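Visitor: Below you will find the structure I want to go over with you.
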Amino acid sequence: MTVTGGFAGVHQLVILRGDGTVYASEMGQPAVRRTSAAQFTELRTLLGDPALADVPDFTMNMGAADMLQYTLQFNGRTVITDRSGDEPAIDRLIDALSAWLSKK
């Protein structure tokens with residue numbers, strides 16, 4: 001997941017790796033953290049949610065300013081959203097991945 005935009009010029013990256021580690025980078029400051037077995041299972045479950053198949057590839061409110069843009073790559077797809085749509089499956093995934101970023 002890549003998070004960009006906003007008034008502050010956010011640029012964040014979160015990658016869940018198959019070995020149970022999460023790579024997170026914020027403004028060029030990388031960190032690698034290990035998930036617990038429960039965290040890894042939760043993330044894999046969210047990535048396997050059948051409801052993700054119904055999420056549009058592109059959901060953006062083109063009239064809004066300073067919103068964050070989330071680009072997610074999973075299961076051979078790329079989904080771009082600003083979370084302006086009602087898509088609970090992608091929102092749960094974004095929330096879970098965002099937990100690996102610092103709370104600045």
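We name chains A, B, ... following the order of the structure tokens; residues begin at 1 in each chain, and ligands are numbered from 1 as shown.
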Residues at most 7 Å from Leu72 in chain A, counting only C-alpha atoms, excluding those fewer than 5 positions away in the same chain, as a list in words?
Guide: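 Skipping anything fewer than 5 positions along the chain leaves Met1, Thr2, Thr78, Val79 and Ile80 of chain A.
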Visitor: For the residues in the current selection, export N, CA, C and O atoms as a PDB file, in the first residue's frame.
Guide:
ATOM      1  N   MET A   1       0.853  -1.172   0.000  1.00  0.00           N
ATOM      2  CA  MET A   1       0.000   0.000   0.000  1.00  0.00           C
ATOM      3  C   MET A   1       0.894   1.228   0.000  1.00  0.00           C
ATOM      4  O   MET A   1       1.827   1.324   0.798  1.00  0.00           O
ATOM      5  N   THR A   2       0.579   2.162  -0.862  1.00  0.00           N
ATOM      6  CA  THR A   2       1.244   3.458  -0.899  1.00  0.00           C
ATOM      7  C   THR A   2       0.208   4.517  -0.553  1.00  0.00           C
ATOM      8  O   THR A   2      -0.902   4.504  -1.093  1.00  0.00           O
ATOM      9  N   THR A  78      -4.570  -3.676  -8.851  1.00  0.00           N
ATOM     10  CA  THR A  78      -4.229  -2.397  -8.251  1.00  0.00           C
ATOM     11  C   THR A  78      -5.528  -1.653  -8.004  1.00  0.00           C
ATOM     12  O   THR A  78      -6.340  -1.503  -8.911  1.00  0.00           O
ATOM     13  N   VAL A  79      -5.720  -1.215  -6.762  1.00  0.00           N
ATOM     14  CA  VAL A  79      -6.906  -0.453  -6.379  1.00  0.00           C
ATOM     15  C   VAL A  79      -6.438   0.905  -5.891  1.00  0.00           C
ATOM     16  O   VAL A  79      -5.535   0.997  -5.051  1.00  0.00           O
ATOM     17  N   ILE A  80      -7.044   1.966  -6.426  1.00  0.00           N
ATOM     18  CA  ILE A  80      -6.717   3.331  -6.031  1.00  0.00           C
ATOM     19  C   ILE A  80      -7.979   3.958  -5.449  1.00  0.00           C
ATOM     20  O   ILE A  80      -9.038   3.953  -6.093  1.00  0.00           O
TER      21      ILE A  80
END
Visitor: So which residues touch range 67-70 of chain A within 8 Å, counting only C-alpha atoms, skipping near sequence neighbours fewer than 4 positions away, as a count of residues only?
Guide: 14
Visitor: Within 10 Å of Arg44 in chain A, counting only C-alpha atoms, which residues show up once you throw out same-chain ones fewer than 5 positions away? Write them as a list in words, please.
Guide: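 Close residues of Arg44 in chain A: Leu16, Gly18, Gly20, Ala38, Gln39, Asp49 and Leu93 of chain A.
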Visitor: So, counting only C-alpha atoms, which residue among A:Arg92, A:Ala99, A:Ala24, A:Asp57 is closest to Thr45 in chain A?
Guide: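 Under the stated criterion, the closest residue is A:Arg92.
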Visitor: Rank A:Gln73, A:Asp95, A:Met27, A:Ala64 by their smallest atom-to-atom distance to Glu42 in chain A, using only C-alpha atoms, and report the top residue only.
Guide: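 Of the candidates, the smallest distance to Glu42 in chain A is held by A:Asp95.
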Visitor: May I ask which of the residues A:Trp100, A:Gly9, A:Ile15, A:Pro88 is the closest one to Val55 in chain A, counting only C-alpha atoms?
Guide: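 Of the candidates, the smallest distance to Val55 in chain A is held by A:Pro88.
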Visitor: With distances taken over only C-alpha atoms, which of A:Ser36, A:Ala89, A:Arg77, A:Thr71 is nearest to His11 in chain A?
Guide: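 The closest residue to His11 in chain A is A:Thr71.
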Visitor: Rank A:Asp19, A:Gly85, A:Ser98, A:Asp91 by their smallest atom-to-atom distance to Phe40 in chain A, using only C-alpha atoms, and report the top residue only.
Guide: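 Looking only at the distances to Phe40 in chain A, the closest residue turns out to be A:Asp19.
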Visitor: Contacts of Asp54 in chain A at 10 Å or less, counting only C-alpha atoms, minus same-chain residues fewer than 4 places along, as a PyMOL selection string?
Guide: chain A and resi 50+87+89-90
Visitor: Running DSSP on the backbone, which parts of chain A land in helix (DSSP H, G or I), as a list in words?
Guide: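 The residues of chain A classed as helix (DSSP H, G or I) are Ala37, Ala38, Gln39, Phe40, Thr41, Glu42, Leu43, Arg44, Thr45, Leu46, Leu47, Pro50, Ala51, Leu52, Ala53, Asp54, Pro88, Ala89, Ile90, Asp91, Arg92, Leu93, Ile94, Asp95, Ala96, Leu97 and Ser98 of chain A.
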Visitor: Restricted to N, CA and C atoms, what would the selected residues look like written as a PDB file, in the first residue's frame?
Guide:
ATOM      1  N   ALA A  37       2.088 -14.124  14.879  1.00  0.00           N
ATOM      2  CA  ALA A  37       1.319 -15.094  14.082  1.00  0.00           C
ATOM      3  C   ALA A  37      -0.118 -14.606  13.915  1.00  0.00           C
ATOM      4  N   ALA A  38      -0.703 -14.051  14.969  1.00  0.00           N
ATOM      5  CA  ALA A  38      -2.092 -13.566  14.899  1.00  0.00           C
ATOM      6  C   ALA A  38      -2.215 -12.367  13.948  1.00  0.00           C
ATOM      7  N   GLN A  39      -1.252 -11.440  14.001  1.00  0.00           N
ATOM      8  CA  GLN A  39      -1.279 -10.276  13.109  1.00  0.00           C
ATOM      9  C   GLN A  39      -1.143 -10.708  11.653  1.00  0.00           C
ATOM     10  N   PHE A  40      -0.237 -11.634  11.398  1.00  0.00           N
ATOM     11  CA  PHE A  40      -0.021 -12.107  10.031  1.00  0.00           C
ATOM     12  C   PHE A  40      -1.279 -12.802   9.512  1.00  0.00           C
ATOM     13  N   THR A  41      -1.896 -13.619  10.352  1.00  0.00           N
ATOM     14  CA  THR A  41      -3.131 -14.304   9.954  1.00  0.00           C
ATOM     15  C   THR A  41      -4.237 -13.299   9.668  1.00  0.00           C
ATOM     16  N   GLU A  42      -4.357 -12.260  10.505  1.00  0.00           N
ATOM     17  CA  GLU A  42      -5.380 -11.238  10.279  1.00  0.00           C
ATOM     18  C   GLU A  42      -5.167 -10.530   8.941  1.00  0.00           C
ATOM     19  N   LEU A  43      -3.932 -10.141   8.664  1.00  0.00           N
ATOM     20  CA  LEU A  43      -3.640  -9.453   7.414  1.00  0.00           C
ATOM     21  C   LEU A  43      -3.912 -10.354   6.214  1.00  0.00           C
ATOM     22  N   ARG A  44      -3.504 -11.607   6.293  1.00  0.00           N
ATOM     23  CA  ARG A  44      -3.746 -12.553   5.190  1.00  0.00           C
ATOM     24  C   ARG A  44      -5.248 -12.791   5.005  1.00  0.00           C
ATOM     25  N   THR A  45      -5.997 -12.840   6.091  1.00  0.00           N
ATOM     26  CA  THR A  45      -7.448 -13.014   6.011  1.00  0.00           C
ATOM     27  C   THR A  45      -8.089 -11.814   5.324  1.00  0.00           C
ATOM     28  N   LEU A  46      -7.656 -10.611   5.692  1.00  0.00           N
ATOM     29  CA  LEU A  46      -8.185  -9.403   5.056  1.00  0.00           C
ATOM     30  C   LEU A  46      -7.857  -9.380   3.566  1.00  0.00           C
ATOM     31  N   LEU A  47      -6.649  -9.805   3.216  1.00  0.00           N
ATOM     32  CA  LEU A  47      -6.255  -9.843   1.799  1.00  0.00           C
ATOM     33  C   LEU A  47      -7.040 -10.897   1.020  1.00  0.00           C
ATOM     34  N   PRO A  50     -13.311 -12.263   0.138  1.00  0.00           N
ATOM     35  CA  PRO A  50     -13.978 -12.319  -1.166  1.00  0.00           C
ATOM     36  C   PRO A  50     -14.628 -10.990  -1.560  1.00  0.00           C
ATOM     37  N   ALA A  51     -14.984 -10.151  -0.588  1.00  0.00           N
ATOM     38  CA  ALA A  51     -15.607  -8.859  -0.884  1.00  0.00           C
ATOM     39  C   ALA A  51     -14.662  -7.931  -1.630  1.00  0.00           C
ATOM     40  N   LEU A  52     -13.351  -8.167  -1.547  1.00  0.00           N
ATOM     41  CA  LEU A  52     -12.402  -7.323  -2.280  1.00  0.00           C
ATOM     42  C   LEU A  52     -12.588  -7.446  -3.787  1.00  0.00           C
ATOM     43  N   ALA A  53     -13.120  -8.560  -4.240  1.00  0.00           N
ATOM     44  CA  ALA A  53     -13.345  -8.746  -5.683  1.00  0.00           C
ATOM     45  C   ALA A  53     -14.358  -7.742  -6.224  1.00  0.00           C
ATOM     46  N   ASP A  54     -15.232  -7.235  -5.363  1.00  0.00           N
ATOM     47  CA  ASP A  54     -16.270  -6.284  -5.791  1.00  0.00           C
ATOM     48  C   ASP A  54     -15.854  -4.828  -5.643  1.00  0.00           C
ATOM     49  N   PRO A  88     -16.358  -1.212   2.669  1.00  0.00           N
ATOM     50  CA  PRO A  88     -15.857  -1.715   3.957  1.00  0.00           C
ATOM     51  C   PRO A  88     -14.668  -2.673   3.838  1.00  0.00           C
ATOM     52  N   ALA A  89     -14.631  -3.522   2.828  1.00  0.00           N
ATOM     53  CA  ALA A  89     -13.542  -4.500   2.716  1.00  0.00           C
ATOM     54  C   ALA A  89     -12.198  -3.803   2.509  1.00  0.00           C
ATOM     55  N   ILE A  90     -12.161  -2.805   1.641  1.00  0.00           N
ATOM     56  CA  ILE A  90     -10.899  -2.108   1.397  1.00  0.00           C
ATOM     57  C   ILE A  90     -10.554  -1.205   2.582  1.00  0.00           C
ATOM     58  N   ASP A  91     -11.572  -0.634   3.228  1.00  0.00           N
ATOM     59  CA  ASP A  91     -11.320   0.192   4.412  1.00  0.00           C
ATOM     60  C   ASP A  91     -10.702  -0.632   5.536  1.00  0.00           C
ATOM     61  N   ARG A  92     -11.178  -1.856   5.749  1.00  0.00           N
ATOM     62  CA  ARG A  92     -10.594  -2.718   6.788  1.00  0.00           C
ATOM     63  C   ARG A  92      -9.131  -3.030   6.474  1.00  0.00           C
ATOM     64  N   LEU A  93      -8.837  -3.287   5.200  1.00  0.00           N
ATOM     65  CA  LEU A  93      -7.467  -3.581   4.793  1.00  0.00           C
ATOM     66  C   LEU A  93      -6.573  -2.360   4.981  1.00  0.00           C
ATOM     67  N   ILE A  94      -7.043  -1.198   4.578  1.00  0.00           N
ATOM     68  CA  ILE A  94      -6.270   0.038   4.751  1.00  0.00           C
ATOM     69  C   ILE A  94      -6.012   0.303   6.234  1.00  0.00           C
ATOM     70  N   ASP A  95      -7.022   0.135   7.073  1.00  0.00           N
ATOM     71  CA  ASP A  95      -6.851   0.358   8.512  1.00  0.00           C
ATOM     72  C   ASP A  95      -5.800  -0.586   9.093  1.00  0.00           C
ATOM     73  N   ALA A  96      -5.859  -1.859   8.704  1.00  0.00           N
ATOM     74  CA  ALA A  96      -4.918  -2.850   9.232  1.00  0.00           C
ATOM     75  C   ALA A  96      -3.490  -2.548   8.783  1.00  0.00           C
ATOM     76  N   LEU A  97      -3.309  -2.170   7.524  1.00  0.00           N
ATOM     77  CA  LEU A  97      -1.970  -1.844   7.033  1.00  0.00           C
ATOM     78  C   LEU A  97      -1.465  -0.528   7.616  1.00  0.00           C
ATOM     79  N   SER A  98      -2.362   0.430   7.796  1.00  0.00           N
ATOM     80  CA  SER A  98      -1.979   1.730   8.352  1.00  0.00           C
ATOM     81  C   SER A  98      -1.482   1.614   9.788  1.00  0.00           C
TER      82      SER A  98
END
Visitor: Mind the document's chain letters and residue numbers, and return as number ranges by chain the residues of chain A that DSSP labels strand (DSSP E or B).
Guide: A: 2-5, 10-16, 21-26, 29-34, 58-59, 68-74, 77-81
Visitor: Which distance in Å separates CA of Gln29 in chain A and CA of Gly48 in chain A, to one decimal?
Guide: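 According to the coordinates, CA of Gln29 in chain A and CA of Gly48 in chain A are separated by 29.2 Å.
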Visitor: Could you work out how far CA of Met62 in chain A lies from CA of Ser84 in chain A, giving the answer in Å with one decimal?
Guide: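 Result for CA of Ser84 in chain A versus CA of Met62 in chain A: 9.9 Å, one decimal.
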